[in-house]
Structures are given as structure tokens and as C-alpha cells.
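Data first, discussion second: the structure below is written as C-alpha cells.
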Amino acid sequence: MEEHIILIADDVEVNRKMLSFIFEEQYEILEAADGVETIELIEKYGEALSLIFLDLMMPNKSGLDVLEYMSEKGYISSIPVIMITGEATTDSEVKAYEYGVSDIIYKPFEPKVVMRRAQNIIELFQNRRDIEAKLEKRTRQLRESREKLERSNEFLINALSSVVEFRSLESGEHIQRVKYFTKILLKYVKDEFPEYGLTDESVNLITNAAALHDLGKIAIPDSILLKPGKLTKDEFEEMKKHTIYGCELLENFKQEDNEFYQYCYDICRFHHERYDGNGYPDKLKGEEIPIWAQVVSIVDVYDALVSKRVYKAAYAVDEAVRMIKDDECGVFSPKILDCFDMAKVEFFRATEEKFSFV
């Protein structure tokens, strides 16, 4: 049988010796004569203790004092305690059980009964520890597998997005910038506007989904996509369809009840919608536009303004911020603008450092 350590805490030596005699052949025994010594041994051995026999009435600190300490330090959930007493009251029994004792036995002891009850409790706690250890190991394995899958998915998303930028002769850093700014802005939306229900997990999913916002440009003809000058009305109407083409591509990989797919789809289709209803392709207005699409929308506009493109020079950060806040690049929600204002220092720093984070 696996050796266990039992702590016997009782100020009466004969009681300690009696319990020690019952268990000494199968268990390592520690003894304490008062509450202070008991606490010192608990601090020293911790979860190496398989069971504590704890007398209710002891000098310096009572059994209830020891239980209060164990409860405060979290020991009571991992070390079983059997209260031993010869004069318990209903109040003390209720208090002991409220603190988390596993059992109460009364003096004088019946050795066989005490042995059986102690073994049952030790086995119960050991089985629980084994189950918790296995669960923790399995949880860790699942977390590692999920993190590995997320890294693989992020790699594939970035690779697919890079194809779009390669075709449009843009730097692949645009994807990383959009993701970076999206994550910053989402942090403020999550903290300042809890009504949107964003969580740390959804923020990470939305951030990755943002990389696919221009997926539909794969289907735009080179004559339009690479045109250095201003687009004609018909060419611009075709360019606007990249929001629809992207969703058509995504629908080939549609998965029911897949949160990440929904973020990708919404961002692809709605990142050019505007709060006043003058965006495209569906003329959505106000909160009809999913919050994650609203975030990517303002981020995409900001990055377009501060980045050099084939058809324009880069704007200074202050000028870009002014243009967005003055509705010169479309209308955004007051909530998004508030968060954008809170995040502008971080945006400014990253932009001025030439996006050294990518």
C-alpha cells in the first residue's frame, strides 16, 4: 500500500498515542500538541499530508481556528480533516462542517471504525486528486493542440491574404497593420462598451478574421486593381464588388455555427458600410453593421490614409485622424470614434515607428 502521512493534532498525549497505534503500521505519523504546532506542520508538509485528525479543543489555537486558517489558505480543499472531540456542541459541529471537515468522530474511539472511515476518506481524496491531475493534463494537451491549430490557421490566413496584396502590388505589411490596429481598437471597445459582448477569445478571432477583409480583390481584374489613376464610375462599381466576391469565396468553406467563419464573412462583406447608410454593398445603417466590421472599417481607412499607395502619397498621422473624425472618409459610429480617440496614441506610435511590430 502507498505510504501516506497522517497528522494527529490533540493536546492529550494518550489520545495521540491511541490514534498513532491504530495507524502506525500503514502510515507515517506526525503529532502536534496544540493549534500553533498544527499550523506549522501544515505549512511545512502541505498537500503531502493525506489526512489530519484534529481535536476540537486545543491550547493556543482551537481546532476551529486551525480550520479557519486552512480555509483561508486553501488547504481544506486538498487535505481531508477528521474532527475528533468528546464534547462537541451542535454549533461547533455545524461550524466544522461549514469550514469543510470530512467527518467528525467522538471519543472514545472504536479502532476498526476509525480505521475504515479514515481509509475511505483518504482513498476518496486520492481518487479526486488523480482525476484532477488527469483532467489538468488533458486540459493542457487540448490547450496545446488548440494553440498549435490556431498558429497553423493564422499562417494559412496570412498566406491567403498575402496573395491578395501580391496581386495589388501592396506591401504584405498591410495585413499585419490591419490586424494590429484591429486588436488595439477592439480592446477599447470590449472595455468601454460591454454591451457588445466581446471577450478575449472573440477579440483574437476577430483580429485574425480581419486579415481576410479584402479577400474578394482576388476576383477583381488587374486592369482595375492595378490602375494607378482614378477609377471610372463603372470601374469603381466593379471594385466595390470585392466585398461580395470575398463572401462568395468564403461560402465554399462555410461551416454551420462557426464563430470564426461568421466574423470573416461579416468583415469581408461589411467593412465598407458606413454608419449613416452611405456605404456598400448593402447600405446598412447604424448598429445594423456588426461591431467587428465597424472596427475593421475604421482601421482600414486609417491605414489607407497613412500608407503610400500607387494612386496617392501617405498622409501625416494627425491629418489622417482629423479626416476620420471630421467625416471626410465616411461616417463612423460615435462609440467607434470614442475608442479610436482613446487608441490614437498607440496608433500614432506604431505608425511613426514605421510599423516595426510587423
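Going by the C-alpha cells order, chains are called A, B, ..., each with residues numbered from 1, while ligands are numbered from 1 in the order shown.
Residues within 12 Å of A:Phe236, counting only C-alpha atoms and excluding same-chain residues fewer than 2 positions away, are Ile220, Pro221, Ser223, Ile224, Leu225, Lys227, Gly229, Lys230, Leu231, Thr232, Lys233, Asp234, Glu238, Met239, Lys240, Lys241, His242 and Tyr280 of chain A.
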Kindly export the residues of the current selection with N, CA and C atoms, as a compact mmCIF listing (two decimals), in the first residue's frame.
```txt
# COMPACT_ATOMS: atom_id res chain seq x y z
N ILE A 220 -10.95 40.69 -58.74
CA ILE A 220 -11.02 41.95 -59.47
C ILE A 220 -9.99 41.94 -60.61
N PRO A 221 -10.37 42.33 -61.82
CA PRO A 221 -9.41 42.32 -62.95
C PRO A 221 -8.20 43.23 -62.67
N SER A 223 -6.69 45.17 -64.64
CA SER A 223 -6.84 46.49 -65.25
C SER A 223 -7.48 47.50 -64.29
N ILE A 224 -8.27 46.99 -63.35
CA ILE A 224 -8.90 47.86 -62.35
C ILE A 224 -8.07 47.88 -61.07
N LEU A 225 -7.67 46.69 -60.65
CA LEU A 225 -6.96 46.57 -59.37
C LEU A 225 -5.63 47.33 -59.39
N LYS A 227 -4.75 49.83 -61.58
CA LYS A 227 -4.81 51.11 -62.26
C LYS A 227 -4.24 52.22 -61.36
N GLY A 229 -4.30 55.51 -61.72
CA GLY A 229 -5.09 56.74 -61.65
C GLY A 229 -6.47 56.51 -61.06
N LYS A 230 -7.30 57.54 -61.18
CA LYS A 230 -8.65 57.47 -60.65
C LYS A 230 -9.50 56.52 -61.46
N LEU A 231 -10.32 55.72 -60.78
CA LEU A 231 -11.20 54.76 -61.47
C LEU A 231 -12.40 55.49 -62.07
N THR A 232 -12.86 54.96 -63.20
CA THR A 232 -14.10 55.47 -63.77
C THR A 232 -15.26 54.99 -62.90
N LYS A 233 -16.44 55.51 -63.17
CA LYS A 233 -17.61 55.13 -62.40
C LYS A 233 -17.86 53.63 -62.51
N ASP A 234 -17.78 53.09 -63.74
CA ASP A 234 -18.01 51.65 -63.92
C ASP A 234 -16.92 50.83 -63.25
N GLU A 238 -17.25 48.06 -60.15
CA GLU A 238 -16.67 46.71 -60.16
C GLU A 238 -15.77 46.50 -58.94
N MET A 239 -14.98 47.50 -58.59
CA MET A 239 -14.10 47.39 -57.42
C MET A 239 -14.91 47.17 -56.15
N LYS A 240 -16.05 47.84 -56.05
CA LYS A 240 -16.89 47.69 -54.87
C LYS A 240 -17.39 46.26 -54.68
N LYS A 241 -17.42 45.51 -55.78
CA LYS A 241 -17.92 44.13 -55.70
C LYS A 241 -16.96 43.19 -54.98
N HIS A 242 -15.75 43.67 -54.63
CA HIS A 242 -14.82 42.78 -53.93
C HIS A 242 -15.40 42.34 -52.58
N TYR A 280 -21.30 50.54 -48.75
CA TYR A 280 -21.69 49.48 -49.70
C TYR A 280 -21.21 48.14 -49.16
```
For this session: Enumerate as a ChimeraX atom specification all residues of stretch 15-254 of chain A assigned to strand (DSSP E or B) by DSSP on the backbone, naming them with the chain letters and numbers the document uses.
Result: /A:27-32,49-55,81-85,103-106
Residues within 10 Å of A:Ser20, only C-alpha atoms, excluding chain neighbours under 5 positions, as a compact mmCIF listing (two decimals) with C-alpha atoms, in the first residue's frame:
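Writing done, so here's around17.txt:
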```
# COMPACT_ATOMS: atom_id res chain seq x y z
CA ILE A 6 -1.24 11.38 8.82
CA LEU A 7 -1.11 14.35 11.19
CA ILE A 8 -2.66 13.76 14.62
CA VAL A 14 -2.89 9.39 25.32
CA ASN A 15 -5.33 10.26 22.52
CA GLU A 25 1.84 0.12 10.72
CA TYR A 27 1.04 5.26 7.72
CA GLU A 28 3.75 7.73 8.64
CA ILE A 29 2.58 9.61 11.71
CA LEU A 30 3.14 13.24 12.71
CA GLU A 31 1.94 14.60 16.05
```
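The residue that comes closest to A:Ile76, out of A:Ala316, A:Ala293, A:Ile42, A:Val203 and on the basis of only C-alpha atoms, is A:Ile42.
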Problem set entry | Contacts of A:Gly246 at 9 Å (only C-alpha atoms; same-chain gap of 5+ positions) as a PyMOL selection string | chain A and resi 212-219+241+251+265+268-269
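Remark: for A:Arg128, the closest of the candidate residues A:Phe348, A:Ser78, A:Ile84, A:Leu149 is A:Ser78 (distances computed over only C-alpha atoms).
Atom CA of A:Met58 is positioned 28.3 Å from atom CA of A:Gln126.
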For this session: as an MDAnalysis selection string, please: all residues of stretch 147-281 of chain A that backbone DSSP puts in alpha helix (DSSP H).
Result: chainID A and resid 147:167 173:192 200:209 222:225 233:240 242:251 259:270
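Computed from the coordinates, the atom CA of A:Gly279 to atom CA of A:Ile291 distance equals 15.0 Å.
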